[in-house]
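A.B. asks: Here you go, one structure.
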Amino acid sequence: MKVLITGGAGFIGSHTAHALVDRGHEVRVLDALRPPVHTGQKFPGHLLDRGVECVLGDVRNRDAWEKALDGVDAVYHLAAYQDYLTDFSTFFATNTVSTALLYEVLVARGQTLSRVVVASSQAVYGEGTYRCPACPQADVLRPGPRSRDRLDRGLWDLPCPSCGTALEPEWTDESQTRPHNSYALSKYGEEAAALMLGERYGIPTVALRYSIVQGARQSFRNAYSGILRIFAQRVLNGAAPLAYEDGHQVRDYISVHDVTRANLLVLADDRAVGQAFNVGGGRRVSIREYADLVVRAAGAEMEPWISGSYRVGDTRHVLSSNAALERLGWRPRVGLPAVVDEYLSWAVAQPDFKDFTTEADDQMYALGALRRTR
Ligand SMILES: NC(=O)c1ccc[n+]([C@@H]2O[C@H](COP(=O)([O-])OP(=O)(O)OC[C@H]3O[C@@H](n4cnc5c(N)ncnc54)[C@H](O)[C@@H]3O)[C@@H](O)[C@H]2O)c1
């Protein structure tokens, strides 16, 4: 097949491009090479060397889609605006409107594709699913976002509405979403538009809700989010890993290689069409545990710095259940220590590797995207 990957010069897109080339597909990348991930207008050599056709263009631009779609059989739409900054409209223009534009162009041209795969995110769940450990008979809870007043007072946990005990996260399935920041809402809009238009116009579409993805080639220039790149930048430069809130938040981090296998699976498996799937790491890890892992892997000795600051719109805990994608034969395989080792080896080999986290935090504080407790 000839496969178009938007955002293919980025982290997940480039791994997907390599895997497709390895399987004999032709790959075209459409990417605007946006900062901070990219610093110039040159496509990465590791794509050009593998024979990937690289096209400079913006997914918000109709002409870019018109050219990039010529002759392709399938599309991965991975280009996106991410993180926690306050230019809210950019999230929707880049993530949601571009997706509608993709289908608009396909329908106008009468172009049929064998698959469109859109990159959604675990962020669509907001706080996900919880249970109260003190009220075991009670139903699962799907709380809304934490109140600003509680966060400003450093009260991080979500309280049980009946007894006030801190709620415990459960594994969240795909059935209900509750996005509560601009990125999450724009990603929900993206997958909803893609699945609806795909169904209506007979364009087989799949949405994948990745948990937090980690691995080599995840740009350290973007230090607004991404636990491994943030911890690695600090630890390898002699600074303690900085944890927001109290560091007890849990997530299910996943290797980019497991994500790539999920991407390839849904390209070929027709049972996936018309659905959104979680793609998670399958293990529960706290920020503090992650910090210890990075410190040990770097051969350092230091305690995490618990900053007590919080990112506005962040979730307390979230864990994605992989049950639906496992029914199609996929499961995560790569352990977290291997992910950390791979990233650290890659990062130290980069000539321009340095700590961008202080700059990123300063900018987030200035914009009110990162806040200190009272
Ligand atoms: N990395 C994660 O943890 C994670 C988690 C959940 C979902 N996702 C989703 O996966 C996808 C890929 O993420 P990633 O981590 O590889 O990001 P990345 O930042 O490494 O890559 C994104 C690429 O998109 C390109 N891009 C940005 N805006 C563009 C535009 N307007 N037009 C064309 N290209 C543009 C960038 O230049 C970059 O190369 C995104 O859709 C993201 O929302 C990522």
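Residue names in the structure tokens use chain letters A, B, ... in the order shown, residue numbers from 1 in each chain, and ligand numbers from 1 in the order shown.
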If you count only C-alpha atoms and all ligand atoms, which residues end up within 6 Å of ligand 1, as a compact mmCIF listing (two decimals) with N, CA and C atoms, in the first residue's frame?
C.D. replies:
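File written: out-v4.txt
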# COMPACT_ATOMS: atom_id res chain seq x y z
N GLY A 7 2.15 14.28 10.33
CA GLY A 7 2.95 14.32 11.57
C GLY A 7 3.99 13.22 11.59
N GLY A 8 4.31 12.71 10.41
CA GLY A 8 5.22 11.55 10.32
C GLY A 8 6.67 11.87 10.63
N ALA A 9 7.00 13.18 10.72
CA ALA A 9 8.37 13.53 11.13
C ALA A 9 8.49 13.58 12.64
N GLY A 10 7.38 13.37 13.35
CA GLY A 10 7.39 13.39 14.81
C GLY A 10 7.71 12.01 15.37
N PHE A 11 7.43 11.88 16.62
CA PHE A 11 7.85 10.71 17.40
C PHE A 11 7.11 9.43 16.96
N ILE A 12 5.81 9.37 17.19
CA ILE A 12 5.06 8.14 16.88
C ILE A 12 5.01 7.93 15.37
N GLY A 13 4.85 9.04 14.63
CA GLY A 13 4.76 8.93 13.17
C GLY A 13 6.01 8.35 12.55
N ASP A 31 4.20 16.84 6.91
CA ASP A 31 4.53 17.41 8.22
C ASP A 31 4.91 18.88 8.02
N ALA A 32 4.48 19.72 8.96
CA ALA A 32 4.81 21.15 8.90
C ALA A 32 6.11 21.46 9.63
N LEU A 33 6.74 20.42 10.21
CA LEU A 33 8.01 20.59 10.96
C LEU A 33 7.90 21.73 11.96
N ARG A 34 6.92 21.63 12.83
CA ARG A 34 6.60 22.72 13.76
C ARG A 34 7.56 22.75 14.96
N VAL A 37 9.28 20.94 18.48
CA VAL A 37 9.80 19.60 18.15
C VAL A 37 10.86 19.71 17.06
N GLY A 57 4.10 20.55 4.68
CA GLY A 57 2.76 21.13 4.53
C GLY A 57 2.00 21.07 5.83
N ASP A 58 0.97 21.89 5.90
CA ASP A 58 0.21 22.05 7.14
C ASP A 58 -1.16 21.39 6.98
N VAL A 59 -1.56 20.58 7.95
CA VAL A 59 -2.85 19.87 7.84
C VAL A 59 -4.04 20.81 7.97
N ARG A 60 -3.79 22.06 8.32
CA ARG A 60 -4.90 23.05 8.35
C ARG A 60 -5.15 23.62 6.96
N LEU A 78 -1.72 11.79 12.36
CA LEU A 78 -1.04 11.91 13.65
C LEU A 78 -0.59 13.35 13.94
N ALA A 79 -0.58 14.22 12.93
CA ALA A 79 -0.15 15.61 13.17
C ALA A 79 -1.07 16.21 14.23
N ALA A 80 -0.49 16.92 15.18
CA ALA A 80 -1.33 17.46 16.25
C ALA A 80 -0.64 18.58 16.98
N TYR A 81 -1.47 19.38 17.63
CA TYR A 81 -0.99 20.36 18.60
C TYR A 81 -1.32 19.79 19.97
N GLN A 82 -0.31 19.77 20.87
CA GLN A 82 -0.46 19.06 22.14
C GLN A 82 -0.10 19.96 23.32
N THR A 94 -5.83 22.60 14.67
CA THR A 94 -4.84 21.60 14.23
C THR A 94 -5.41 20.19 14.35
N ALA A 119 -5.16 9.53 15.49
CA ALA A 119 -4.54 9.42 16.81
C ALA A 119 -5.38 10.20 17.79
N SER A 120 -6.07 9.48 18.67
CA SER A 120 -6.75 10.15 19.77
C SER A 120 -5.90 9.94 21.02
N SER A 121 -6.49 10.18 22.16
CA SER A 121 -5.68 10.18 23.39
C SER A 121 -6.50 9.72 24.58
N TYR A 210 -4.25 6.60 22.58
CA TYR A 210 -3.00 6.21 23.21
C TYR A 210 -2.93 6.74 24.64
N SER A 211 -2.36 5.91 25.53
CA SER A 211 -1.92 6.43 26.83
C SER A 211 -0.61 7.17 26.60
N ILE A 212 0.09 7.57 27.66
CA ILE A 212 1.31 8.38 27.48
C ILE A 212 2.39 7.51 26.85
N VAL A 213 2.89 7.95 25.70
CA VAL A 213 3.78 7.12 24.88
C VAL A 213 5.23 7.55 25.11
N GLN A 218 11.51 10.86 20.91
CA GLN A 218 10.51 11.79 21.45
C GLN A 218 11.26 13.08 21.77
A.B. asks: With DSSP run on the backbone, what are the strand (DSSP E) residues within region 212-258 of chain A? I'd like them as a ChimeraX atom specification.
C.D. replies: /A:213-214,242-243,250-251,254-255
A.B. asks: Keeping C-alpha atoms for every residue in the selection just given, could you write it to a file as an mmCIF file, in the first residue's frame?
C.D. replies:
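Result file is selection11.cif:
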data_model
loop_
_atom_site.group_PDB
_atom_site.id
_atom_site.type_symbol
_atom_site.label_atom_id
_atom_site.label_comp_id
_atom_site.auth_asym_id
_atom_site.auth_seq_id
_atom_site.Cartn_x
_atom_site.Cartn_y
_atom_site.Cartn_z
ATOM 1 C CA VAL A 213 3.778 7.115 24.880
ATOM 2 C CA GLN A 214 7.532 6.871 25.455
ATOM 3 C CA LEU A 242 10.594 17.330 39.091
ATOM 4 C CA ALA A 243 7.181 15.891 39.952
ATOM 5 C CA VAL A 250 -0.692 7.012 38.489
ATOM 6 C CA ARG A 251 -0.659 6.378 34.741
ATOM 7 C CA ILE A 254 3.352 2.666 26.984
ATOM 8 C CA SER A 255 6.312 2.041 24.673
#
A.B. asks: Tell me, which residues of region 189-226 of chain A carry DSSP helix (DSSP H, G or I), written as an MDAnalysis selection string?
C.D. replies: chainID A and resid 189:200
A.B. asks: Just how far from CA of Val29 (chain A) is CA of Gly198 (chain A), in Å to one decimal?
C.D. replies: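 Interatomic distance, CA of Gly198 (chain A) to CA of Val29 (chain A): 21.5 Å.
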A.B. asks: If we count only C-alpha atoms and set the cut-off at 9 Å, which residues sit around region 123-130 of chain A, ignoring sequence neighbours fewer than 6 positions away in its own chain? Please answer as a count of residues only.
C.D. replies: 38
A.B. asks: Which is closest to Thr112 (chain A) among A:Ser147, A:Thr39, A:Ile203, A:Gly24, if we use only C-alpha atoms?
C.D. replies: A:Ile203
A.B. asks: With distances taken over only C-alpha atoms, which of A:Thr90, A:Thr205, A:Ser14, A:Ser286 is nearest to Ser114 (chain A)?
C.D. replies: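 Of A:Thr90, A:Thr205, A:Ser14, A:Ser286, the one nearest Ser114 (chain A), counting only C-alpha atoms, is A:Thr205.
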A.B. asks: Show which residues sit within 9 Å of Leu228 (chain A), as a PDB file with C-alpha atoms, in the first residue's frame. Count only C-alpha atoms, and ignore same-chain residues fewer than 6 positions away.
C.D. replies:
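What follows is the written file selection34.pdb:
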ATOM      1  CA  GLN A 214       7.532   6.871  25.455  1.00  0.00           C
ATOM      2  CA  GLY A 215      10.630   5.966  23.482  1.00  0.00           C
ATOM      3  CA  TYR A 290       8.912   6.473  37.482  1.00  0.00           C
ATOM      4  CA  ALA A 291      11.356   9.024  38.888  1.00  0.00           C
ATOM      5  CA  VAL A 294      14.957   7.020  35.652  1.00  0.00           C
ATOM      6  CA  VAL A 340      13.696   4.064  29.978  1.00  0.00           C
ATOM      7  CA  TYR A 343      15.314   6.642  25.769  1.00  0.00           C
ATOM      8  CA  LEU A 344      18.356   7.478  27.883  1.00  0.00           C
TER       9      LEU A 344
END
A.B. asks: At a cut-off of 12 Å, using only C-alpha atoms, what residues contact Trp65 (chain A)? Leave out same-chain residues fewer than 4 positions from it and give the result as a PDB file with C-alpha atoms, in the first residue's frame.
C.D. replies:
ATOM      1  CA  LEU A   4       0.244   8.799   4.138  1.00  0.00           C
ATOM      2  CA  ILE A   5       1.313   9.699   7.679  1.00  0.00           C
ATOM      3  CA  THR A   6       0.579  13.246   8.803  1.00  0.00           C
ATOM      4  CA  ARG A  28       4.610   9.501   2.354  1.00  0.00           C
ATOM      5  CA  VAL A  29       4.873  11.921   5.269  1.00  0.00           C
ATOM      6  CA  LEU A  30       3.065  15.255   5.460  1.00  0.00           C
ATOM      7  CA  ASP A  31       4.528  17.411   8.217  1.00  0.00           C
ATOM      8  CA  ALA A  32       4.808  21.152   8.895  1.00  0.00           C
ATOM      9  CA  VAL A  55       6.242  16.619   2.000  1.00  0.00           C
ATOM     10  CA  LEU A  56       6.303  19.918   3.866  1.00  0.00           C
ATOM     11  CA  GLY A  57       2.765  21.134   4.527  1.00  0.00           C
ATOM     12  CA  ASP A  58       0.205  22.051   7.141  1.00  0.00           C
ATOM     13  CA  VAL A  59      -2.847  19.875   7.841  1.00  0.00           C
ATOM     14  CA  ARG A  60      -4.897  23.046   8.348  1.00  0.00           C
ATOM     15  CA  ASN A  61      -4.386  23.784   4.660  1.00  0.00           C
ATOM     16  CA  LEU A  69      -3.570  12.409  -0.702  1.00  0.00           C
ATOM     17  CA  ASP A  70      -2.707  11.793  -4.366  1.00  0.00           C
ATOM     18  CA  GLY A  71      -2.398   8.060  -4.978  1.00  0.00           C
ATOM     19  CA  VAL A  72      -2.559   6.956  -1.334  1.00  0.00           C
ATOM     20  CA  VAL A  75      -3.896   7.563   6.054  1.00  0.00           C
ATOM     21  CA  HIS A  77      -3.560  11.290  10.857  1.00  0.00           C
ATOM     22  CA  SER A  98      -7.885  19.341  10.103  1.00  0.00           C
ATOM     23  CA  THR A  99      -9.668  16.005  10.540  1.00  0.00           C
ATOM     24  CA  ALA A 100     -12.911  17.382   9.129  1.00  0.00           C
ATOM     25  CA  LEU A 101     -10.864  18.831   6.267  1.00  0.00           C
ATOM     26  CA  LEU A 102      -9.337  15.419   5.503  1.00  0.00           C
ATOM     27  CA  TYR A 103     -12.815  13.899   5.032  1.00  0.00           C
ATOM     28  CA  GLU A 104     -14.047  16.986   3.178  1.00  0.00           C
ATOM     29  CA  VAL A 105     -11.255  16.591   0.629  1.00  0.00           C
ATOM     30  CA  LEU A 106     -11.742  12.812   0.353  1.00  0.00           C
ATOM     31  CA  ALA A 108     -15.054  16.054  -2.727  1.00  0.00           C
ATOM     32  CA  ARG A 109     -12.550  13.999  -4.746  1.00  0.00           C
TER      33      ARG A 109
END
